file upload14.cif (mmCIF, C-alpha atoms and all ligand atoms)
data_data
#
loop_
_atom_site.group_PDB
_atom_site.id
_atom_site.type_symbol
_atom_site.label_atom_id
_atom_site.label_comp_id
_atom_site.auth_asym_id
_atom_site.auth_seq_id
_atom_site.Cartn_x
_atom_site.Cartn_y
_atom_site.Cartn_z
ATOM 1 C CA MET A 1 -20.855 -39.361 -7.515
ATOM 2 C CA ASN A 2 -19.319 -37.970 -4.375
ATOM 3 C CA GLU A 3 -19.112 -34.573 -2.718
ATOM 4 C CA PHE A 4 -15.963 -33.698 -4.670
ATOM 5 C CA ALA A 5 -17.600 -34.148 -8.039
ATOM 6 C CA ALA A 6 -18.386 -30.431 -8.318
ATOM 7 C CA VAL A 7 -14.715 -29.512 -8.418
ATOM 8 C CA THR A 8 -12.830 -30.883 -11.371
ATOM 9 C CA VAL A 9 -9.425 -32.412 -10.693
ATOM 10 C CA GLY A 10 -7.878 -29.834 -13.019
ATOM 11 C CA SER A 11 -9.134 -26.785 -11.151
ATOM 12 C CA LEU A 12 -8.351 -28.466 -7.834
ATOM 13 C CA MET A 13 -4.731 -28.912 -8.881
ATOM 14 C CA ASN A 14 -4.468 -25.178 -9.531
ATOM 15 C CA LEU A 15 -5.782 -24.190 -6.129
ATOM 16 C CA PRO A 16 -3.321 -21.773 -4.527
ATOM 17 C CA VAL A 17 -1.472 -23.150 -1.510
ATOM 18 C CA LEU A 18 0.420 -21.009 0.965
ATOM 19 C CA VAL A 19 3.978 -22.223 1.583
ATOM 20 C CA LEU A 20 5.433 -21.695 5.046
ATOM 21 C CA ASN A 21 9.046 -22.001 6.015
ATOM 22 C CA ALA A 22 9.878 -24.529 8.759
ATOM 23 C CA SER A 23 9.665 -21.492 11.068
ATOM 24 C CA TYR A 24 5.980 -20.905 10.069
ATOM 25 C CA GLU A 25 6.862 -17.792 8.130
ATOM 26 C CA ALA A 26 4.894 -17.377 4.892
ATOM 27 C CA ILE A 27 7.359 -17.415 2.019
ATOM 28 C CA ASN A 28 5.469 -18.248 -1.147
ATOM 29 C CA VAL A 29 2.376 -19.486 -2.930
ATOM 30 C CA CYS A 30 2.313 -22.554 -5.156
ATOM 31 C CA SER A 31 -0.303 -24.674 -6.891
ATOM 32 C CA ALA A 32 -1.962 -27.597 -5.129
ATOM 33 C CA LYS A 33 -0.286 -29.869 -7.666
ATOM 34 C CA ARG A 34 3.156 -28.691 -6.606
ATOM 35 C CA ALA A 35 2.203 -28.761 -2.927
ATOM 36 C CA LEU A 36 1.093 -32.403 -3.153
ATOM 37 C CA LYS A 37 4.348 -33.276 -4.924
ATOM 38 C CA MET A 38 6.328 -31.620 -2.149
ATOM 39 C CA ILE A 39 4.395 -33.594 0.465
ATOM 40 C CA LEU A 40 4.930 -36.860 -1.429
ATOM 41 C CA LYS A 41 8.649 -36.133 -1.745
ATOM 42 C CA GLY A 42 8.873 -35.513 1.987
ATOM 43 C CA ILE A 43 9.887 -31.865 1.537
ATOM 44 C CA ALA A 44 6.770 -30.394 3.149
ATOM 45 C CA LEU A 45 3.960 -31.289 5.522
ATOM 46 C CA PRO A 46 0.314 -30.294 5.191
ATOM 47 C CA GLU A 47 -0.449 -27.606 7.764
ATOM 48 C CA LYS A 48 -4.104 -26.845 6.898
ATOM 49 C CA GLU A 49 -6.102 -29.156 4.704
ATOM 50 C CA SER A 50 -9.115 -28.482 2.527
ATOM 51 C CA GLU A 51 -12.173 -30.676 2.314
ATOM 52 C CA TYR A 52 -11.054 -31.848 -1.114
ATOM 53 C CA GLU A 53 -9.429 -35.150 -1.666
ATOM 54 C CA VAL A 54 -7.483 -36.544 -4.593
ATOM 55 C CA ARG A 55 -7.284 -40.259 -5.078
ATOM 56 C CA SER A 56 -5.220 -42.572 -7.152
ATOM 57 C CA ALA A 57 -5.135 -46.374 -7.127
ATOM 58 C CA SER A 58 -2.581 -46.454 -4.351
ATOM 59 C CA LEU A 59 -3.267 -43.422 -2.224
ATOM 60 C CA SER A 60 -5.674 -40.722 -1.223
ATOM 61 C CA MET A 61 -4.584 -37.265 -0.116
ATOM 62 C CA ARG A 62 -6.351 -34.174 1.084
ATOM 63 C CA VAL A 63 -5.574 -31.057 -0.941
ATOM 64 C CA PRO A 64 -3.865 -28.613 1.428
ATOM 65 C CA HIS A 65 -4.535 -24.899 1.879
ATOM 66 C CA VAL A 66 -1.238 -24.414 3.694
ATOM 67 C CA ILE A 67 1.957 -26.491 3.708
ATOM 68 C CA ARG A 68 5.114 -26.137 5.733
ATOM 69 C CA LEU A 69 8.662 -26.995 4.684
ATOM 70 C CA ILE A 70 10.302 -29.658 6.834
ATOM 71 C CA HIS A 71 13.741 -28.042 6.584
ATOM 72 C CA TYR A 72 14.285 -24.347 7.111
ATOM 73 C CA VAL A 73 15.138 -22.511 3.907
ATOM 74 C CA LYS A 74 17.164 -19.357 4.169
ATOM 75 C CA VAL A 75 15.223 -16.568 2.481
ATOM 76 C CA PRO A 76 17.944 -13.945 2.029
ATOM 77 C CA HIS A 77 15.767 -10.895 1.564
ATOM 78 C CA LYS A 78 12.106 -10.675 2.295
ATOM 79 C CA THR A 79 11.624 -8.843 -0.943
ATOM 80 C CA VAL A 80 9.864 -9.716 -4.136
ATOM 81 C CA LYS A 81 12.106 -10.551 -7.076
ATOM 82 C CA LEU A 82 12.122 -7.936 -9.820
ATOM 83 C CA THR A 83 10.647 -9.819 -12.753
ATOM 84 C CA ARG A 84 8.286 -8.849 -15.537
ATOM 85 C CA LYS A 85 5.475 -10.916 -14.042
ATOM 86 C CA ASN A 86 6.001 -9.476 -10.553
ATOM 87 C CA ILE A 87 6.001 -5.905 -11.862
ATOM 88 C CA PHE A 88 2.660 -6.587 -13.584
ATOM 89 C CA LEU A 89 1.318 -8.090 -10.350
ATOM 90 C CA ARG A 90 2.390 -5.073 -8.303
ATOM 91 C CA ASP A 91 0.721 -2.758 -10.800
ATOM 92 C CA GLN A 92 -2.265 -5.117 -11.161
ATOM 93 C CA TYR A 93 -1.872 -5.338 -14.938
ATOM 94 C CA THR A 94 -2.663 -1.642 -15.176
ATOM 95 C CA CYS A 95 -0.714 0.776 -17.359
ATOM 96 C CA GLN A 96 0.757 3.298 -14.933
ATOM 97 C CA TYR A 97 0.331 6.110 -17.442
ATOM 98 C CA CYS A 98 -3.158 5.745 -18.915
ATOM 99 C CA GLY A 99 -4.603 3.683 -16.038
ATOM 100 C CA ARG A 100 -6.139 1.009 -18.268
ATOM 101 C CA ARG A 101 -5.889 -2.716 -17.596
ATOM 102 C CA PHE A 102 -4.428 -5.020 -20.245
ATOM 103 C CA PRO A 103 -3.596 -8.711 -20.690
ATOM 104 C CA PRO A 104 0.137 -9.414 -20.088
ATOM 105 C CA SER A 105 0.801 -9.748 -23.845
ATOM 106 C CA GLU A 106 -0.249 -6.107 -24.317
ATOM 107 C CA LEU A 107 1.965 -4.801 -21.546
ATOM 108 C CA THR A 108 5.577 -3.705 -21.400
ATOM 109 C CA ILE A 109 7.995 -2.620 -18.705
ATOM 110 C CA ASP A 110 8.910 1.042 -18.718
ATOM 111 C CA HIS A 111 11.941 2.505 -16.963
ATOM 112 C CA VAL A 112 10.601 5.782 -15.594
ATOM 113 C CA ILE A 113 14.043 7.372 -15.926
ATOM 114 C CA PRO A 114 15.406 5.556 -18.991
ATOM 115 C CA ILE A 115 18.479 3.377 -18.390
ATOM 116 C CA SER A 116 20.310 5.400 -21.066
ATOM 117 C CA ARG A 117 19.674 8.494 -18.967
ATOM 118 C CA GLY A 118 21.041 7.013 -15.760
ATOM 119 C CA GLY A 119 17.895 5.272 -14.531
ATOM 120 C CA THR A 120 18.299 1.986 -12.668
ATOM 121 C CA ASN A 121 16.625 -1.375 -13.007
ATOM 122 C CA SER A 122 14.927 -1.235 -9.620
ATOM 123 C CA TRP A 123 11.397 -1.396 -8.174
ATOM 124 C CA ARG A 124 11.220 2.385 -7.808
ATOM 125 C CA ASN A 125 12.156 2.984 -11.434
ATOM 126 C CA VAL A 126 10.097 0.377 -13.269
ATOM 127 C CA VAL A 127 6.415 0.483 -14.078
ATOM 128 C CA THR A 128 3.884 -1.403 -16.151
ATOM 129 C CA ALA A 129 3.059 0.455 -19.354
ATOM 130 C CA CYS A 130 0.868 -0.421 -22.304
ATOM 131 C CA LYS A 131 2.598 -0.524 -25.685
ATOM 132 C CA GLU A 132 0.987 2.711 -26.781
ATOM 133 C CA CYS A 133 2.083 4.698 -23.712
ATOM 134 C CA ASN A 134 5.568 3.179 -23.811
ATOM 135 C CA ASN A 135 5.962 4.157 -27.478
ATOM 136 C CA ARG A 136 4.719 7.629 -26.803
ATOM 137 C CA LYS A 137 7.099 8.109 -23.897
ATOM 138 C CA GLY A 138 10.085 6.737 -25.798
ATOM 139 C CA ASN A 139 13.470 7.596 -24.374
ATOM 140 C CA ARG A 140 12.184 10.467 -22.280
ATOM 141 C CA THR A 141 11.384 11.084 -18.641
ATOM 142 C CA PRO A 142 7.660 11.430 -17.816
ATOM 143 C CA ALA A 143 8.106 15.193 -17.415
ATOM 144 C CA GLU A 144 9.755 15.534 -20.816
ATOM 145 C CA ALA A 145 7.018 13.436 -22.407
ATOM 146 C CA GLY A 146 4.293 15.372 -20.619
ATOM 147 C CA MET A 147 3.028 12.140 -19.055
ATOM 148 C CA ARG A 148 2.117 11.437 -15.447
ATOM 149 C CA LEU A 149 2.355 8.253 -13.430
ATOM 150 C CA ILE A 150 -0.924 7.297 -11.772
ATOM 151 C CA LYS A 151 1.091 6.364 -8.681
ATOM 152 C CA LYS A 152 4.654 6.334 -7.490
ATOM 153 C CA PRO A 153 6.307 2.930 -8.010
ATOM 154 C CA THR A 154 7.175 1.211 -4.721
ATOM 155 C CA VAL A 155 8.914 -1.912 -3.507
ATOM 156 C CA PRO A 156 6.046 -4.409 -3.034
ATOM 157 C CA SER A 157 5.546 -6.082 0.301
ATOM 158 C CA LEU A 158 5.992 -9.840 0.262
ATOM 159 C CA TYR A 159 2.581 -10.465 1.824
ATOM 160 C CA VAL A 160 0.686 -8.233 -0.572
ATOM 161 C CA HIS A 161 2.539 -9.998 -3.338
ATOM 162 C CA ILE A 162 1.591 -13.445 -2.021
ATOM 163 C CA ILE A 163 -2.066 -12.439 -1.909
ATOM 164 C CA ARG A 164 -2.031 -10.921 -5.382
ATOM 165 C CA SER A 165 -0.252 -13.841 -6.981
ATOM 166 C CA ALA A 166 -2.887 -16.139 -5.498
ATOM 167 C CA LYS A 167 -5.684 -13.766 -6.605
ATOM 168 C CA GLY A 168 -6.999 -13.583 -3.062
ATOM 169 C CA PHE A 169 -6.399 -15.913 -0.168
ATOM 170 C CA HIS A 170 -8.099 -18.587 1.851
ATOM 171 C CA SER A 171 -9.228 -17.596 5.356
ATOM 172 C CA SER A 172 -6.950 -20.286 6.803
ATOM 173 C CA TRP A 173 -3.950 -18.276 5.580
ATOM 174 C CA SER A 174 -4.560 -15.179 7.672
ATOM 175 C CA GLU A 175 -3.014 -16.484 10.876
ATOM 176 C CA TYR A 176 0.261 -16.977 9.009
ATOM 177 C CA LEU A 177 0.151 -13.836 6.902
ATOM 178 C CA PHE A 178 -0.645 -11.290 9.528
ATOM 179 C CA GLN A 179 1.446 -12.288 12.517
ATOM 180 C CA GLU A 180 3.303 -9.028 13.036
HETATM 181 ZN ZN ZN A 201 -1.168 3.144 -21.284
#
call {"tool": "encode", "arguments": {"input": "upload14.cif", "output": "structure tokens"}}
result
Amino acid sequence: MNEFAAVTVGSLMNLPVLVLNASYEAINVCSAKRALKMILKGIALPEKESEYEVRSASLSMRVPHVIRLIHYVKVPHKTVKLTRKNIFLRDQYTCQYCGRRFPPSELTIDHVIPISRGGTNSWRNVVTACKECNNRKGNRTPAEAGMRLIKKPTVPSLYVHIIRSAKGFHSSWSEYLFQE
């Protein structure tokens, strides 16, 4: 038995790793499994390593906390992509009408101003809603339905998003996340 025995290889491979651009700018979070693959492929370099090691017959590698891309990748907009998963992350899996938390399978996306009424598919017009609230609201505006949003939907910041998608962050990330 060694000091790594307490952490199973499976959970180690899911450890969140901060991905930096070649310019040291934080751009994403990935799993340790993906990070190690990127290092092996020569796409990224380990920037901060953990105390954990993974070994195979031919090599041994330290699991990184932070990796950095070797070639600069152009990140067109420092904004978070509008996807179902990202909307749930911004709203922390909480229905924006009744304020209760649900598993993703119980949640839907609600257009505050329905698309059919001229609403857009944008961060400021989409919210997480449970099935019940979404059904109740139907094709109406919150005012018409007599429902209130628990908070105004906003465009999420990339850094807040990185932290939420990783469910917290390792202390070694802070120097890259909070530069400005
Ligand atoms: Zn609800």
call {"tool": "closest_residue", "arguments": {"input": "upload14.cif", "among": "A:Val73, A:Ala57, A:Val63, A:Ala145", "to": "A:Tyr97", "atoms": "all atoms listed in the file"}}
result
A:Ala145
call {"tool": "atom_distance", "arguments": {"input": "upload14.cif", "atom1": "atom CA of A:Lys41", "atom2": "atom CA of A:His65"}}
result
17.7 Å
call {"tool": "residues_near_ligand", "arguments": {"input": "upload14.cif", "ligand": "ligand ZN 201 (chain A)", "cutoff": "7 Å", "atoms": "all atoms listed in the file", "output": "list in words"}}
result
Cys95, Gln96, Tyr97, Cys98, Gly99, Arg100, Ala129, Cys130, Lys131, Glu132 and Cys133 of chain A
call {"tool": "atom_distance", "arguments": {"input": "upload14.cif", "atom1": "atom CA of A:Pro16", "atom2": "atom CA of A:Ser122"}}
result
27.9 Å
call {"tool": "closest_residue", "arguments": {"input": "upload14.cif", "among": "A:Leu82, A:Ala35, A:Leu12, A:Leu89", "to": "A:Glu51", "atoms": "all atoms listed in the file"}}
result
A:Leu12
call {"tool": "atom_distance", "arguments": {"input": "upload14.cif", "atom1": "atom CA of A:Pro46", "atom2": "atom CA of A:Pro64"}}
result
5.9 Å
call {"tool": "closest_residue", "arguments": {"input": "upload14.cif", "among": "A:Val66, A:Ala32, A:Leu45, A:Val80", "to": "A:Glu175", "atoms": "all atoms listed in the file"}}
result
A:Val66
call {"tool": "residues_near_point", "arguments": {"input": "upload14.cif", "point": "(6.9, -5.1, -15.0)", "cutoff": "9 Å", "atoms": "all atoms listed in the file", "output": "list in words"}}
result
Leu82, Thr83, Arg84, Lys85, Asn86, Ile87, Phe88, Leu89, Arg90, Asp91, Tyr93, Leu107, Thr108, Ile109, Asp110, Trp123, Val126, Val127, Thr128 and Ala129 of chain A
call {"tool": "write_last_selection", "arguments": {"input": "upload14.cif", "atoms": "C-alpha atoms", "output": "compact mmCIF listing (two decimals), in the coordinates of the input"}}
result
# COMPACT_ATOMS: atom_id res chain seq x y z
CA LEU A 82 12.12 -7.94 -9.82
CA THR A 83 10.65 -9.82 -12.75
CA ARG A 84 8.29 -8.85 -15.54
CA LYS A 85 5.48 -10.92 -14.04
CA ASN A 86 6.00 -9.48 -10.55
CA ILE A 87 6.00 -5.90 -11.86
CA PHE A 88 2.66 -6.59 -13.58
CA LEU A 89 1.32 -8.09 -10.35
CA ARG A 90 2.39 -5.07 -8.30
CA ASP A 91 0.72 -2.76 -10.80
CA TYR A 93 -1.87 -5.34 -14.94
CA LEU A 107 1.96 -4.80 -21.55
CA THR A 108 5.58 -3.70 -21.40
CA ILE A 109 8.00 -2.62 -18.70
CA ASP A 110 8.91 1.04 -18.72
CA TRP A 123 11.40 -1.40 -8.17
CA VAL A 126 10.10 0.38 -13.27
CA VAL A 127 6.42 0.48 -14.08
CA THR A 128 3.88 -1.40 -16.15
CA ALA A 129 3.06 0.46 -19.35
call {"tool": "build_atoms", "arguments": {"input": "upload14.cif", "residues": "stretch 31-43 of chain A", "atoms": "N, CA and C atoms", "output": "tab-separated table (two decimals), in the frame of the given file"}}
result
chain	number	residue	atom	x	y	z
A	31	SER	N	0.94	-24.00	-6.52
A	31	SER	CA	-0.30	-24.67	-6.89
A	31	SER	C	-0.47	-25.91	-6.01
A	32	ALA	N	-1.70	-26.39	-5.91
A	32	ALA	CA	-1.96	-27.60	-5.13
A	32	ALA	C	-1.17	-28.77	-5.70
A	33	LYS	N	-1.02	-28.78	-7.02
A	33	LYS	CA	-0.29	-29.87	-7.67
A	33	LYS	C	1.15	-29.93	-7.13
A	34	ARG	N	1.78	-28.75	-7.09
A	34	ARG	CA	3.16	-28.69	-6.61
A	34	ARG	C	3.21	-29.00	-5.11
A	35	ALA	N	2.24	-28.53	-4.37
A	35	ALA	CA	2.20	-28.76	-2.93
A	35	ALA	C	2.11	-30.27	-2.63
A	36	LEU	N	1.25	-30.96	-3.37
A	36	LEU	CA	1.09	-32.40	-3.15
A	36	LEU	C	2.39	-33.14	-3.49
A	37	LYS	N	3.06	-32.68	-4.54
A	37	LYS	CA	4.35	-33.28	-4.92
A	37	LYS	C	5.37	-33.10	-3.81
A	38	MET	N	5.37	-31.90	-3.22
A	38	MET	CA	6.33	-31.62	-2.15
A	38	MET	C	6.04	-32.49	-0.92
A	39	ILE	N	4.76	-32.74	-0.67
A	39	ILE	CA	4.39	-33.59	0.46
A	39	ILE	C	4.84	-35.04	0.17
A	40	LEU	N	4.56	-35.49	-1.05
A	40	LEU	CA	4.93	-36.86	-1.43
A	40	LEU	C	6.44	-37.07	-1.39
A	41	LYS	N	7.19	-36.03	-1.75
A	41	LYS	CA	8.65	-36.13	-1.74
A	41	LYS	C	9.23	-35.99	-0.34
A	42	GLY	N	8.39	-35.66	0.62
A	42	GLY	CA	8.87	-35.51	1.99
A	42	GLY	C	9.54	-34.17	2.24
A	43	ILE	N	9.28	-33.20	1.38
A	43	ILE	CA	9.89	-31.86	1.54
A	43	ILE	C	9.02	-31.00	2.46
